[in-house]
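Listing of my_file_34.csv; format and content: CSV, C-alpha atoms.
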chain,number,residue,atom,x,y,z
J,1495,MET,CA,94.7,99.1,110.4
J,1496,ILE,CA,97.0,98.3,107.4
J,1497,VAL,CA,95.2,96.7,104.5
J,1498,PRO,CA,96.8,95.8,101.1
J,1499,THR,CA,94.5,95.7,98.1
J,1500,SER,CA,92.4,92.6,97.7
J,1501,ASP,CA,94.4,91.2,94.8
J,1502,ALA,CA,95.2,87.7,96.0
J,1503,ASP,CA,98.8,87.9,94.8
J,1504,ASN,CA,99.5,91.2,96.5
J,1505,ALA,CA,97.6,90.3,99.7
J,1506,SER,CA,100.4,87.7,100.3
J,1507,GLY,CA,103.1,90.1,99.4
J,1508,THR,CA,104.0,88.3,96.2
J,1509,ASP,CA,104.7,89.9,92.8
J,1510,ALA,CA,102.3,88.7,90.1
J,1511,SER,CA,105.1,89.1,87.5
J,1512,ASP,CA,107.2,86.4,89.4
J,1513,PRO,CA,106.6,83.0,87.7
J,1514,GLY,CA,107.0,81.3,91.1
J,1515,ALA,CA,104.5,83.7,92.9
J,1516,GLY,CA,102.0,81.9,95.1
J,1517,ARG,CA,103.8,78.5,94.9
J,1518,GLY,CA,106.1,78.6,97.8
J,1519,ALA,CA,108.8,80.4,95.9
J,1520,ALA,CA,107.4,83.6,97.2
J,1521,THR,CA,108.4,82.9,100.8
J,1522,SER,CA,111.8,83.1,102.5
J,1523,GLY,CA,111.5,79.4,103.5
J,1524,ASP,CA,110.4,80.3,107.0
J,1525,GLY,CA,106.7,80.8,106.0
J,1526,HIS,CA,106.6,84.5,105.6
J,1527,PRO,CA,105.8,86.2,102.3
J,1528,TRP,CA,109.2,87.5,101.5
J,1529,ARG,CA,111.3,86.4,98.6
J,1530,ARG,CA,114.9,85.3,99.3
J,1531,ARG,CA,117.3,86.4,96.6
J,1532,GLU,CA,120.9,85.3,96.4
J,1533,ARG,CA,123.0,87.9,94.6
J,1534,PRO,CA,123.3,89.9,96.8
J,1535,LEU,CA,121.7,87.9,99.6
J,1536,ARG,CA,118.5,89.7,100.6
J,1537,LEU,CA,114.8,89.4,101.4
J,1538,GLU,CA,112.3,91.3,99.3
J,1539,ARG,CA,108.6,92.0,99.6
J,1540,ARG,CA,106.2,94.2,97.6
J,1541,LEU,CA,103.0,95.4,99.1
J,1542,GLU,CA,100.2,97.2,97.3
J,1543,PHE,CA,97.6,99.3,99.0
J,1544,ALA,CA,94.2,100.7,98.1
J,1545,ASN,CA,95.3,104.3,98.3
J,1546,TYR,CA,98.1,106.6,99.4
J,1547,GLU,CA,96.5,107.2,102.9
J,1548,VAL,CA,96.7,103.5,103.7
J,1549,LEU,CA,100.2,103.3,102.3
J,1550,ARG,CA,101.3,106.3,104.4
J,1551,ASP,CA,99.9,104.7,107.6
J,1552,PHE,CA,101.9,101.5,106.8
J,1553,LEU,CA,105.1,103.5,106.2
J,1554,ASP,CA,104.7,105.3,109.5
J,1555,ARG,CA,104.3,102.1,111.3
J,1556,ALA,CA,107.2,100.5,109.5
J,1557,GLY,CA,109.3,103.6,110.4
J,1558,GLU,CA,108.4,103.2,114.1
J,1559,LEU,CA,109.4,99.5,113.8
J,1560,SER,CA,112.7,100.5,112.3
J,1561,GLU,CA,113.4,103.0,115.1
J,1562,GLU,CA,112.6,100.4,117.7
J,1563,THR,CA,114.8,97.6,116.2
J,1564,GLY,CA,117.6,99.6,114.5
J,1565,ILE,CA,116.9,97.8,111.2
J,1566,TYR,CA,116.3,100.1,108.2
J,1567,PRO,CA,115.2,98.2,105.1
J,1568,ASN,CA,115.7,99.8,101.6
J,1569,LEU,CA,112.4,101.2,100.5
J,1570,SER,CA,111.0,102.3,97.2
J,1571,PHE,CA,107.4,103.3,96.9
J,1572,GLY,CA,104.8,104.9,94.7
J,1573,ARG,CA,101.3,106.2,95.4
J,1574,THR,CA,99.9,102.7,96.2
J,1575,TYR,CA,102.8,100.3,96.7
J,1576,VAL,CA,106.1,99.8,98.6
J,1577,ASN,CA,109.0,97.5,97.8
J,1578,MET,CA,111.0,96.6,100.9
J,1579,THR,CA,114.5,94.9,100.8
J,1580,LEU,CA,116.5,93.6,103.8
J,1581,PHE,CA,120.1,92.9,102.9
J,1582,ALA,CA,122.4,90.3,104.5
J,1583,ASP,CA,124.7,91.4,107.4
J,1584,ASP,CA,127.8,93.2,106.1
J,1585,ASP,CA,130.1,91.3,108.4
J,1586,SER,CA,128.7,87.7,108.2
J,1587,GLY,CA,127.2,87.9,104.7
J,1588,GLU,CA,124.2,86.1,106.2
J,1589,LEU,CA,120.6,87.1,106.8
J,1590,THR,CA,120.5,87.6,110.6
J,1591,ALA,CA,117.8,86.3,112.9
J,1592,GLU,CA,117.1,89.9,113.7
J,1593,ALA,CA,116.4,90.6,110.0
J,1594,GLU,CA,114.1,87.6,109.9
J,1595,ARG,CA,112.2,88.7,113.0
J,1596,PHE,CA,111.9,92.2,111.5
J,1597,ALA,CA,110.4,90.8,108.3
J,1598,GLU,CA,107.9,88.8,110.4
J,1599,ARG,CA,107.0,92.0,112.4
J,1600,VAL,CA,106.4,93.8,109.1
J,1601,ASP,CA,104.1,91.0,108.1
J,1602,SER,CA,102.1,91.6,111.3
J,1603,LEU,CA,101.5,95.2,110.2
J,1604,VAL,CA,99.6,94.0,107.2
J,1605,ILE,CA,96.1,92.7,107.7
J,1606,PRO,CA,94.9,90.4,104.9
J,1607,PRO,CA,91.6,91.5,103.3
J,1608,GLU,CA,89.8,88.3,104.3
J,1609,VAL,CA,90.2,89.0,108.0
J,1610,ILE,CA,89.1,92.6,108.0
J,1611,PRO,CA,85.8,93.0,109.8
J,1612,PRO,CA,83.0,94.5,107.6
J,1613,GLU,CA,82.2,98.1,108.2
J,1614,GLU,CA,79.0,98.8,110.0
J,1615,ASP,CA,76.5,101.2,108.4
J,1616,ALA,CA,76.4,104.6,110.1

Take the structure in the file and give it back as structure tokens.
Amino acid sequence: MIVPTSDADNASGTDASDPGAGRGAATSGDGHPWRRRERPLRLERRLEFANYEVLRDFLDRAGELSEETGIYPNLSFGRTYVNMTLFADDDSGELTAEAERFAERVDSLVIPPEVIPPEEDA
């Protein structure tokens, strides 16, 4: 189970330092929490996690997705966060439908804190 921290900005994949975060500007326009940037054309998303173990699990799953799809985003990460960037296609200069689907599938790897079932007492 992949779980970002409970910070509302980061649960949606937005960057709290972005003045448009949380107001529609934090999505690609297709409803997923990636930011579209124009120069160069790309999609970006930052995710923060409770600890390194949870981050490592996410990175493993994202790596499996990359191997399955042949799409390898640029990644930078620290102990509790990852920044992901999907660049436009070199030939067309556009963000491909495959890149958009990849972004949506990455979104499905992240479970928002509000839908995590409570842990049962042992």

TODO: Rank nothing, just name the residue among J:Met1578, J:Leu1549, J:Ile1565, J:Val1604 nearest to J:Glu1592, using only C-alpha atoms.
DONE: J:Ile1565

- [ ] Find the spatial neighbours of stretch 1531-1546 of chain J, counting only C-alpha atoms, within a cut-off of 6 Å - ignore same-chain residues fewer than 2 positions away - and output them as a PyMOL selection string.
- [x] chain J and resi 1498-1499+1507+1528-1529+1548-1550+1573-1582

Open item on the list: One decimal, in Å: what's the spacing between atom CA of J:Leu1589 and atom CA of J:Gly1572?
Closed with: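 Rounded to one decimal, the two atoms are 26.7 Å apart.
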
TODO: Find the distance between atom CA of J:Phe1552 and atom CA of J:Leu1603 and write it in Å to one decimal.
DONE: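 For atom CA of J:Phe1552 relative to atom CA of J:Leu1603, the distance reads 7.2 Å.
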
Take every atom of stretch 1539-1547 of chain J listed in the file, fit an axis-aligned box around them, add 4 Å per side, and give the centre and edge lengths in Å to one decimal as JSON.
{"center_x": 101.4, "center_y": 99.6, "center_z": 100.1, "size_x": 22.4, "size_y": 23.2, "size_z": 13.6}

Task: Protein/DNA/RNA residues near (113.8, 92.4, 112.3), cut 10 Å, all atoms listed in the file, as a list in words - done: Leu1559, Ser1560, Glu1562, Thr1563, Gly1564, Ile1565, Tyr1566, Pro1567, Leu1580, Thr1590, Ala1591, Glu1592, Ala1593, Glu1594, Arg1595, Phe1596, Ala1597, Glu1598, Arg1599 and Val1600 of chain J

For the selection just defined, write its residues with C-alpha atoms to a file, as a tab-separated table (two decimals), keeping the file's coordinate frame.
chain	number	residue	atom	x	y	z
J	1559	LEU	CA	109.40	99.50	113.80
J	1560	SER	CA	112.70	100.50	112.30
J	1562	GLU	CA	112.60	100.40	117.70
J	1563	THR	CA	114.80	97.60	116.20
J	1564	GLY	CA	117.60	99.60	114.50
J	1565	ILE	CA	116.90	97.80	111.20
J	1566	TYR	CA	116.30	100.10	108.20
J	1567	PRO	CA	115.20	98.20	105.10
J	1580	LEU	CA	116.50	93.60	103.80
J	1590	THR	CA	120.50	87.60	110.60
J	1591	ALA	CA	117.80	86.30	112.90
J	1592	GLU	CA	117.10	89.90	113.70
J	1593	ALA	CA	116.40	90.60	110.00
J	1594	GLU	CA	114.10	87.60	109.90
J	1595	ARG	CA	112.20	88.70	113.00
J	1596	PHE	CA	111.90	92.20	111.50
J	1597	ALA	CA	110.40	90.80	108.30
J	1598	GLU	CA	107.90	88.80	110.40
J	1599	ARG	CA	107.00	92.00	112.40
J	1600	VAL	CA	106.40	93.80	109.10

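Distances here use only C-alpha atoms; by that measure, the residue among J:Gly1587, J:Arg1530, J:Gly1557, J:Glu1547 closest to J:Leu1569 is J:Gly1557.
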